[in-house]
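Shown next: final_6.pdb, given as PDB, C-alpha atoms.
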```pdb
ATOM      1  CA  MET L   7     -28.340 -45.255  28.978
ATOM      2  CA  LYS L   8     -27.951 -42.680  31.686
ATOM      3  CA  MET L   9     -29.457 -39.265  32.278
ATOM      4  CA  ILE L  10     -27.368 -36.466  33.683
ATOM      5  CA  ILE L  11     -29.356 -33.736  35.393
ATOM      6  CA  ALA L  12     -26.865 -30.893  35.750
ATOM      7  CA  ILE L  13     -27.608 -27.674  37.607
ATOM      8  CA  ILE L  14     -25.234 -24.946  36.510
ATOM      9  CA  ARG L  15     -25.025 -21.206  36.944
ATOM     10  CA  ASP L  16     -26.667 -19.080  34.267
ATOM     11  CA  ASN L  17     -23.311 -17.579  33.266
ATOM     12  CA  ASP L  18     -22.049 -20.970  32.244
ATOM     13  CA  ASN L  19     -25.113 -21.919  30.235
ATOM     14  CA  ASP L  20     -23.749 -21.045  26.780
ATOM     15  CA  PRO L  21     -20.231 -22.482  27.061
ATOM     16  CA  VAL L  22     -21.457 -25.686  28.684
ATOM     17  CA  THR L  23     -24.220 -26.218  26.148
ATOM     18  CA  GLN L  24     -21.960 -25.439  23.196
ATOM     19  CA  GLY L  25     -19.264 -27.694  24.605
ATOM     20  CA  LEU L  26     -21.696 -30.555  24.997
ATOM     21  CA  ILE L  27     -23.200 -30.118  21.531
ATOM     22  CA  SER L  28     -19.717 -29.869  19.952
ATOM     23  CA  SER L  29     -18.861 -33.162  21.613
ATOM     24  CA  GLY L  30     -21.961 -34.776  20.174
ATOM     25  CA  PHE L  31     -24.198 -34.722  23.228
ATOM     26  CA  ARG L  32     -27.833 -33.722  23.160
ATOM     27  CA  VAL L  33     -28.916 -31.220  25.741
ATOM     28  CA  THR L  34     -32.265 -29.895  26.887
ATOM     29  CA  ARG L  35     -32.144 -26.669  28.873
ATOM     30  CA  ILE L  36     -34.594 -25.561  31.531
ATOM     31  CA  ALA L  37     -34.574 -22.253  33.402
ATOM     32  CA  SER L  38     -34.478 -22.763  37.159
ATOM     33  CA  THR L  39     -33.670 -20.984  40.392
ATOM     34  CA  GLY L  40     -31.820 -22.273  43.403
ATOM     35  CA  GLY L  41     -30.668 -21.627  46.889
ATOM     36  CA  PHE L  42     -31.315 -18.928  49.457
ATOM     37  CA  LEU L  43     -30.839 -16.027  47.093
ATOM     38  CA  ARG L  44     -32.907 -17.473  44.285
ATOM     39  CA  ARG L  45     -30.060 -17.084  41.922
ATOM     40  CA  GLY L  46     -30.943 -17.977  38.380
ATOM     41  CA  SER L  47     -29.628 -21.355  37.367
ATOM     42  CA  THR L  48     -29.986 -23.593  34.377
ATOM     43  CA  THR L  49     -30.984 -27.217  34.650
ATOM     44  CA  LEU L  50     -29.671 -29.390  31.842
ATOM     45  CA  ILE L  51     -31.028 -32.797  30.887
ATOM     46  CA  ILE L  52     -28.474 -34.862  29.003
ATOM     47  CA  GLY L  53     -29.080 -38.375  27.755
ATOM     48  CA  VAL L  54     -25.800 -40.263  27.469
ATOM     49  CA  SER L  55     -24.599 -43.800  26.972
ATOM     50  CA  GLU L  56     -22.762 -45.300  29.926
ATOM     51  CA  GLU L  57     -19.413 -45.226  28.139
ATOM     52  CA  LYS L  58     -19.740 -41.519  27.371
ATOM     53  CA  LEU L  59     -20.754 -40.534  30.893
ATOM     54  CA  ASP L  60     -17.312 -39.499  32.116
ATOM     55  CA  GLU L  61     -16.681 -37.538  28.945
ATOM     56  CA  ALA L  62     -19.904 -35.575  29.336
ATOM     57  CA  ILE L  63     -19.097 -34.747  32.964
ATOM     58  CA  GLN L  64     -15.620 -33.654  31.906
ATOM     59  CA  VAL L  65     -17.089 -31.340  29.259
ATOM     60  CA  ILE L  66     -19.321 -29.760  31.891
ATOM     61  CA  LYS L  67     -16.353 -29.334  34.229
ATOM     62  CA  THR L  68     -14.164 -27.764  31.557
ATOM     63  CA  ASN L  69     -16.799 -25.252  30.496
ATOM     64  CA  THR L  70     -17.899 -23.945  33.881
ATOM     65  CA  SER L  71     -16.159 -20.940  35.393
ATOM     66  CA  THR L  72     -14.867 -20.707  38.952
ATOM     67  CA  PRO L  73     -17.506 -19.018  41.137
ATOM     68  CA  GLU L  74     -16.402 -15.786  42.836
ATOM     69  CA  ASP L  75     -17.972 -17.014  46.019
ATOM     70  CA  ALA L  76     -15.692 -19.742  47.315
ATOM     71  CA  ASN L  77     -18.654 -21.463  48.966
ATOM     72  CA  MET L  78     -20.375 -21.994  45.667
ATOM     73  CA  LYS L  79     -19.868 -24.946  43.404
ATOM     74  CA  ARG L  80     -19.599 -24.901  39.625
ATOM     75  CA  ALA L  81     -22.260 -27.457  39.096
ATOM     76  CA  THR L  82     -24.413 -30.062  40.785
ATOM     77  CA  LEU L  83     -24.678 -33.321  38.882
ATOM     78  CA  PHE L  84     -27.138 -36.145  39.331
ATOM     79  CA  VAL L  85     -26.763 -39.298  37.260
ATOM     80  CA  LEU L  86     -29.891 -41.417  36.901
ATOM     81  CA  ASN L  87     -30.400 -44.768  35.237
ATOM     82  CA  VAL L  88     -32.602 -44.695  32.142
ATOM     83  CA  GLU L  89     -34.621 -47.904  31.777
ATOM     84  CA  HIS L  90     -35.794 -47.160  28.303
ATOM     85  CA  PHE L  91     -34.835 -44.519  25.774
ATOM     86  CA  ALA L  92     -36.523 -43.794  22.477
ATOM     87  CA  GLN L  93     -36.580 -41.179  19.795
ATOM     88  CA  ILE L  94     -39.789 -41.447  17.870
TER
ATOM     89  CA  MET D  16     -44.339 -46.815  38.859
ATOM     90  CA  LYS D  17     -42.402 -45.247  36.018
ATOM     91  CA  MET D  18     -41.703 -41.682  35.025
ATOM     92  CA  ILE D  19     -41.660 -40.692  31.398
ATOM     93  CA  ILE D  20     -39.661 -37.571  30.654
ATOM     94  CA  ALA D  21     -40.730 -36.625  27.142
ATOM     95  CA  ILE D  22     -39.179 -33.804  25.160
ATOM     96  CA  ILE D  23     -41.506 -32.700  22.407
ATOM     97  CA  ARG D  24     -41.705 -29.767  20.024
ATOM     98  CA  ASP D  25     -43.710 -26.755  21.177
ATOM     99  CA  ASN D  26     -46.196 -27.211  18.335
ATOM    100  CA  ASP D  27     -47.185 -30.582  19.682
ATOM    101  CA  ASN D  28     -47.603 -29.445  23.245
ATOM    102  CA  ASP D  29     -51.386 -29.011  23.199
ATOM    103  CA  PRO D  30     -52.411 -32.153  21.303
ATOM    104  CA  VAL D  31     -50.014 -34.343  23.285
ATOM    105  CA  THR D  32     -51.080 -32.941  26.619
ATOM    106  CA  GLN D  33     -54.785 -33.146  25.767
ATOM    107  CA  GLY D  34     -54.308 -36.672  24.460
ATOM    108  CA  LEU D  35     -52.590 -37.770  27.640
ATOM    109  CA  ILE D  36     -55.162 -36.131  29.919
ATOM    110  CA  SER D  37     -58.047 -37.618  27.896
ATOM    111  CA  SER D  38     -56.496 -41.030  28.370
ATOM    112  CA  GLY D  39     -56.297 -40.500  32.119
ATOM    113  CA  PHE D  40     -52.608 -39.629  32.458
ATOM    114  CA  ARG D  41     -51.318 -36.815  34.595
ATOM    115  CA  VAL D  42     -48.862 -34.477  32.961
ATOM    116  CA  THR D  43     -46.629 -31.702  34.201
ATOM    117  CA  ARG D  44     -45.311 -29.351  31.527
ATOM    118  CA  ILE D  45     -42.048 -27.439  31.617
ATOM    119  CA  ALA D  46     -40.819 -24.968  29.023
ATOM    120  CA  SER D  47     -37.393 -25.920  27.685
ATOM    121  CA  THR D  48     -35.050 -25.306  24.782
ATOM    122  CA  GLY D  49     -32.935 -27.776  22.910
ATOM    123  CA  GLY D  50     -30.370 -28.344  20.249
ATOM    124  CA  PHE D  51     -28.147 -26.111  18.176
ATOM    125  CA  LEU D  52     -30.839 -23.650  17.215
ATOM    126  CA  ARG D  53     -32.310 -23.332  20.680
ATOM    127  CA  ARG D  54     -35.665 -24.280  19.400
ATOM    128  CA  GLY D  55     -38.374 -24.046  21.980
ATOM    129  CA  SER D  56     -39.388 -27.428  23.278
ATOM    130  CA  THR D  57     -41.636 -28.701  26.002
ATOM    131  CA  THR D  58     -40.514 -31.201  28.602
ATOM    132  CA  LEU D  59     -43.296 -33.349  29.980
ATOM    133  CA  ILE D  60     -43.157 -35.297  33.220
ATOM    134  CA  ILE D  61     -45.636 -38.160  33.261
ATOM    135  CA  GLY D  62     -46.048 -40.580  36.140
ATOM    136  CA  VAL D  63     -47.414 -43.880  34.897
ATOM    137  CA  SER D  64     -47.885 -47.405  36.148
ATOM    138  CA  GLU D  65     -45.784 -50.026  34.403
ATOM    139  CA  GLU D  66     -48.792 -51.564  32.647
ATOM    140  CA  LYS D  67     -49.836 -48.213  31.209
ATOM    141  CA  LEU D  68     -46.370 -47.300  29.952
ATOM    142  CA  ASP D  69     -46.827 -48.484  26.370
ATOM    143  CA  GLU D  70     -50.200 -46.802  26.150
ATOM    144  CA  ALA D  71     -48.761 -43.461  27.275
ATOM    145  CA  ILE D  72     -45.957 -43.702  24.725
ATOM    146  CA  GLN D  73     -48.486 -44.554  22.033
ATOM    147  CA  VAL D  74     -50.584 -41.494  22.938
ATOM    148  CA  ILE D  75     -47.490 -39.296  22.615
ATOM    149  CA  LYS D  76     -46.655 -40.877  19.253
ATOM    150  CA  THR D  77     -50.173 -40.415  17.915
ATOM    151  CA  ASN D  78     -50.364 -36.769  18.894
ATOM    152  CA  THR D  79     -47.038 -35.529  17.585
ATOM    153  CA  SER D  80     -46.804 -34.185  14.045
ATOM    154  CA  THR D  81     -44.142 -35.139  11.499
ATOM    155  CA  PRO D  82     -41.303 -32.602  11.616
ATOM    156  CA  GLU D  83     -40.659 -30.736   8.353
ATOM    157  CA  ASP D  84     -36.976 -31.311   8.844
ATOM    158  CA  ALA D  85     -36.424 -34.995   8.133
ATOM    159  CA  ASN D  86     -33.479 -35.021  10.534
ATOM    160  CA  MET D  87     -35.656 -34.103  13.462
ATOM    161  CA  LYS D  88     -37.533 -36.534  15.626
ATOM    162  CA  ARG D  89     -41.044 -36.129  16.954
ATOM    163  CA  ALA D  90     -40.076 -36.730  20.516
ATOM    164  CA  THR D  91     -37.323 -37.939  22.813
ATOM    165  CA  LEU D  92     -38.493 -40.248  25.567
ATOM    166  CA  PHE D  93     -36.701 -41.294  28.722
ATOM    167  CA  VAL D  94     -38.311 -43.835  31.025
ATOM    168  CA  LEU D  95     -37.055 -43.831  34.608
ATOM    169  CA  ASN D  96     -37.925 -46.115  37.475
ATOM    170  CA  VAL D  97     -39.802 -44.438  40.326
ATOM    171  CA  GLU D  98     -38.862 -45.954  43.685
ATOM    172  CA  HIS D  99     -41.613 -44.244  45.577
ATOM    173  CA  PHE D 100     -44.628 -42.262  44.493
ATOM    174  CA  ALA D 101     -46.993 -40.312  46.706
ATOM    175  CA  GLN D 102     -49.734 -37.788  46.431
ATOM    176  CA  ILE D 103     -50.117 -36.001  49.710
TER
ATOM    177  CA  MET V   5     -28.600 -40.675  47.251
ATOM    178  CA  LYS V   6     -32.166 -40.062  46.161
ATOM    179  CA  MET V   7     -33.835 -37.373  44.124
ATOM    180  CA  ILE V   8     -37.251 -36.098  45.056
ATOM    181  CA  ILE V   9     -39.163 -34.512  42.208
ATOM    182  CA  ALA V  10     -41.999 -32.682  43.920
ATOM    183  CA  ILE V  11     -44.801 -30.939  42.078
ATOM    184  CA  ILE V  12     -46.465 -28.400  44.311
ATOM    185  CA  ARG V  13     -48.920 -25.561  43.843
ATOM    186  CA  ASP V  14     -47.451 -22.129  43.204
ATOM    187  CA  ASN V  15     -48.922 -20.765  46.435
ATOM    188  CA  ASP V  16     -46.846 -23.192  48.444
ATOM    189  CA  ASN V  17     -43.603 -22.477  46.652
ATOM    190  CA  ASP V  18     -42.129 -20.057  49.190
ATOM    191  CA  PRO V  19     -42.996 -21.857  52.432
ATOM    192  CA  VAL V  20     -41.926 -25.243  51.069
ATOM    193  CA  THR V  21     -38.648 -23.922  49.698
ATOM    194  CA  GLN V  22     -37.859 -21.967  52.856
ATOM    195  CA  GLY V  23     -38.768 -24.964  54.979
ATOM    196  CA  LEU V  24     -36.480 -27.233  53.001
ATOM    197  CA  ILE V  25     -33.575 -24.775  53.042
ATOM    198  CA  SER V  26     -33.999 -24.160  56.787
ATOM    199  CA  SER V  27     -33.767 -27.905  57.313
ATOM    200  CA  GLY V  28     -30.547 -28.049  55.318
ATOM    201  CA  PHE V  29     -31.881 -29.376  52.025
ATOM    202  CA  ARG V  30     -30.877 -28.030  48.649
ATOM    203  CA  VAL V  31     -33.675 -27.218  46.276
ATOM    204  CA  THR V  32     -33.855 -26.308  42.613
ATOM    205  CA  ARG V  33     -37.116 -24.733  41.486
ATOM    206  CA  ILE V  34     -38.642 -24.954  38.033
ATOM    207  CA  ALA V  35     -41.815 -23.234  36.861
ATOM    208  CA  SER V  36     -44.314 -25.709  35.443
ATOM    209  CA  THR V  37     -47.973 -26.108  34.605
ATOM    210  CA  GLY V  38     -50.216 -29.067  35.188
ATOM    211  CA  GLY V  39     -53.585 -30.593  34.719
ATOM    212  CA  PHE V  40     -56.676 -29.704  32.781
ATOM    213  CA  LEU V  41     -56.744 -26.069  33.754
ATOM    214  CA  ARG V  42     -53.038 -25.452  33.213
ATOM    215  CA  ARG V  43     -52.707 -24.204  36.696
ATOM    216  CA  GLY V  44     -49.273 -22.874  37.508
ATOM    217  CA  SER V  45     -47.251 -25.299  39.547
ATOM    218  CA  THR V  46     -43.696 -25.475  40.749
ATOM    219  CA  THR V  47     -41.506 -28.498  40.208
ATOM    220  CA  LEU V  48     -38.811 -28.936  42.828
ATOM    221  CA  ILE V  49     -35.693 -31.051  42.452
ATOM    222  CA  ILE V  50     -34.251 -32.070  45.802
ATOM    223  CA  GLY V  51     -31.170 -34.217  46.225
ATOM    224  CA  VAL V  52     -31.294 -36.057  49.528
ATOM    225  CA  SER V  53     -29.510 -38.889  51.282
ATOM    226  CA  GLU V  54     -31.601 -41.974  51.901
ATOM    227  CA  GLU V  55     -31.729 -41.387  55.657
ATOM    228  CA  LYS V  56     -33.043 -37.838  55.187
ATOM    229  CA  LEU V  57     -35.723 -38.814  52.686
ATOM    230  CA  ASP V  58     -38.600 -39.080  55.143
ATOM    231  CA  GLU V  59     -37.615 -35.805  56.786
ATOM    232  CA  ALA V  60     -37.643 -33.978  53.450
ATOM    233  CA  ILE V  61     -41.069 -35.385  52.578
ATOM    234  CA  GLN V  62     -42.340 -34.360  56.008
ATOM    235  CA  VAL V  63     -41.054 -30.803  55.491
ATOM    236  CA  ILE V  64     -42.922 -30.633  52.185
ATOM    237  CA  LYS V  65     -46.089 -31.965  53.823
ATOM    238  CA  THR V  66     -45.892 -29.485  56.698
ATOM    239  CA  ASN V  67     -45.408 -26.489  54.443
ATOM    240  CA  THR V  68     -48.130 -27.111  51.887
ATOM    241  CA  SER V  69     -51.589 -25.682  52.438
ATOM    242  CA  THR V  70     -54.859 -27.580  52.095
ATOM    243  CA  PRO V  71     -56.289 -27.043  48.591
ATOM    244  CA  GLU V  72     -59.735 -25.435  48.474
ATOM    245  CA  ASP V  73     -60.745 -27.964  45.882
ATOM    246  CA  ALA V  74     -61.140 -31.232  47.768
ATOM    247  CA  ASN V  75     -60.191 -33.168  44.630
ATOM    248  CA  MET V  76     -56.764 -31.592  44.509
ATOM    249  CA  LYS V  77     -53.719 -32.861  46.297
ATOM    250  CA  ARG V  78     -51.123 -30.796  48.091
ATOM    251  CA  ALA V  79     -48.213 -32.277  46.245
ATOM    252  CA  THR V  80     -47.141 -35.068  43.944
ATOM    253  CA  LEU V  81     -43.861 -36.696  44.916
ATOM    254  CA  PHE V  82     -41.639 -38.949  42.870
ATOM    255  CA  VAL V  83     -38.553 -40.483  44.481
ATOM    256  CA  LEU V  84     -35.840 -41.622  42.075
ATOM    257  CA  ASN V  85     -32.598 -43.405  42.751
ATOM    258  CA  VAL V  86     -29.468 -41.368  42.038
ATOM    259  CA  GLU V  87     -26.633 -43.559  40.795
ATOM    260  CA  HIS V  88     -24.011 -40.889  41.080
ATOM    261  CA  PHE V  89     -24.009 -37.455  42.657
ATOM    262  CA  ALA V  90     -21.290 -34.840  42.400
ATOM    263  CA  GLN V  91     -20.739 -31.204  43.138
ATOM    264  CA  ILE V  92     -17.871 -29.936  41.074
TER
END
```

Would you kindly transcribe this structure into structure tokens?
Amino acid sequence: MKMIIAIIRDNDNDPVTQGLISSGFRVTRIASTGGFLRRGSTTLIIGVSEEKLDEAIQVIKTNTSTPEDANMKRATLFVLNVEHFAQI
Amino acid sequence: MKMIIAIIRDNDNDPVTQGLISSGFRVTRIASTGGFLRRGSTTLIIGVSEEKLDEAIQVIKTNTSTPEDANMKRATLFVLNVEHFAQI
Amino acid sequence: MKMIIAIIRDNDNDPVTQGLISSGFRVTRIASTGGFLRRGSTTLIIGVSEEKLDEAIQVIKTNTSTPEDANMKRATLFVLNVEHFAQI
């Protein structure tokens, strides 16, 4: 099990979340801010099996728009190892 | 040292947090939303020593209510390894 | 690549964030609450290369104020291993 922590721009929140849910992923959304200008961002927590990791990243990629500012990125992704996962 | 990231329903926020604090755990709470219906949820960050891990999970279990919707779970738990922990 | 999850007091949010950005670190800020009294806190997510880890922690230390309450800490820091990092 892996955890993706994805930081995306607010604009992309709905398409990314819908895309992930449609593909069967579970997403938790957290409001965040980032960078110099304190732009609003959304931090997503996505639990994913190792074999689905690339698919989840691809869904995020497909559903983020190209930033107007060429210096900005669509998304920042961290993949962490999950030692134990449970739904109780 | 381990980190539990627990996603619980808003209703259970107070009993779970109080339960954890009463048992000597330190909790950080973050407002979040999850799932199709964008239900409000709470994301808890709990730093815990390895030997206290099961106890912390048990406290969460004990203090979450049974969801009305039988398809819902009480809580989603991710346990991550913490390489370094410091209070400064 | 490492991820620092730093929980700081709200008062220290601006100096810590500015300090980190000035030193070239990227920070994502999340509003949180912690402890018995539900004091407002800020949870920072900082992606950092292993060789910059100590510098980032030092910047946090330098930019947090001494709590009035001697029982409180300036900051709680968790360092996690990042298996994969991408900006897309």

Identify every residue of chain D that has at least one atom within 7 Å of any atom of chain L, counting only C-alpha atoms, and report the result as a ChimeraX atom specification. /D:46-50,88-96

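CA of Ser55 in chain L is positioned 25.7 Å from CA of Thr79 in chain D.
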
Edge lengths and centre in Å, axis-aligned, range 79-83 of chain V plus 4 Å each side, as lines of an AutoDock Vina configuration file:
```
center_x = -43.4
center_y = -36.4
center_z = 44.6
size_x = 17.7
size_y = 16.2
size_z = 11.4
```

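For the pair CA of Ile19 in chain D and CA of Ile61 in chain D, the separation is 5.1 Å.
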
Record the distance separating CA of Asp16 in chain V and CA of Gln62 in chain V, expressed in Å with one decimal. 14.2 Å

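Closest approach to Gly28 in chain V among V:Ala60, V:Ser45, V:Ile12, V:Glu55 is made by V:Ala60 (distances from all atoms listed in the file).
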
Please determine, counting only C-alpha atoms, which residue among D:Pro82, D:Ile75, D:Met87, D:Leu68 has the shortest atom-to-atom distance to Asn28 in chain D. D:Ile75

Of the candidates L:Asn69, L:Gly46, L:Ile63, L:Ala76, which one gets nearest to Asp20 in chain L if we count all atoms listed in the file? L:Asn69
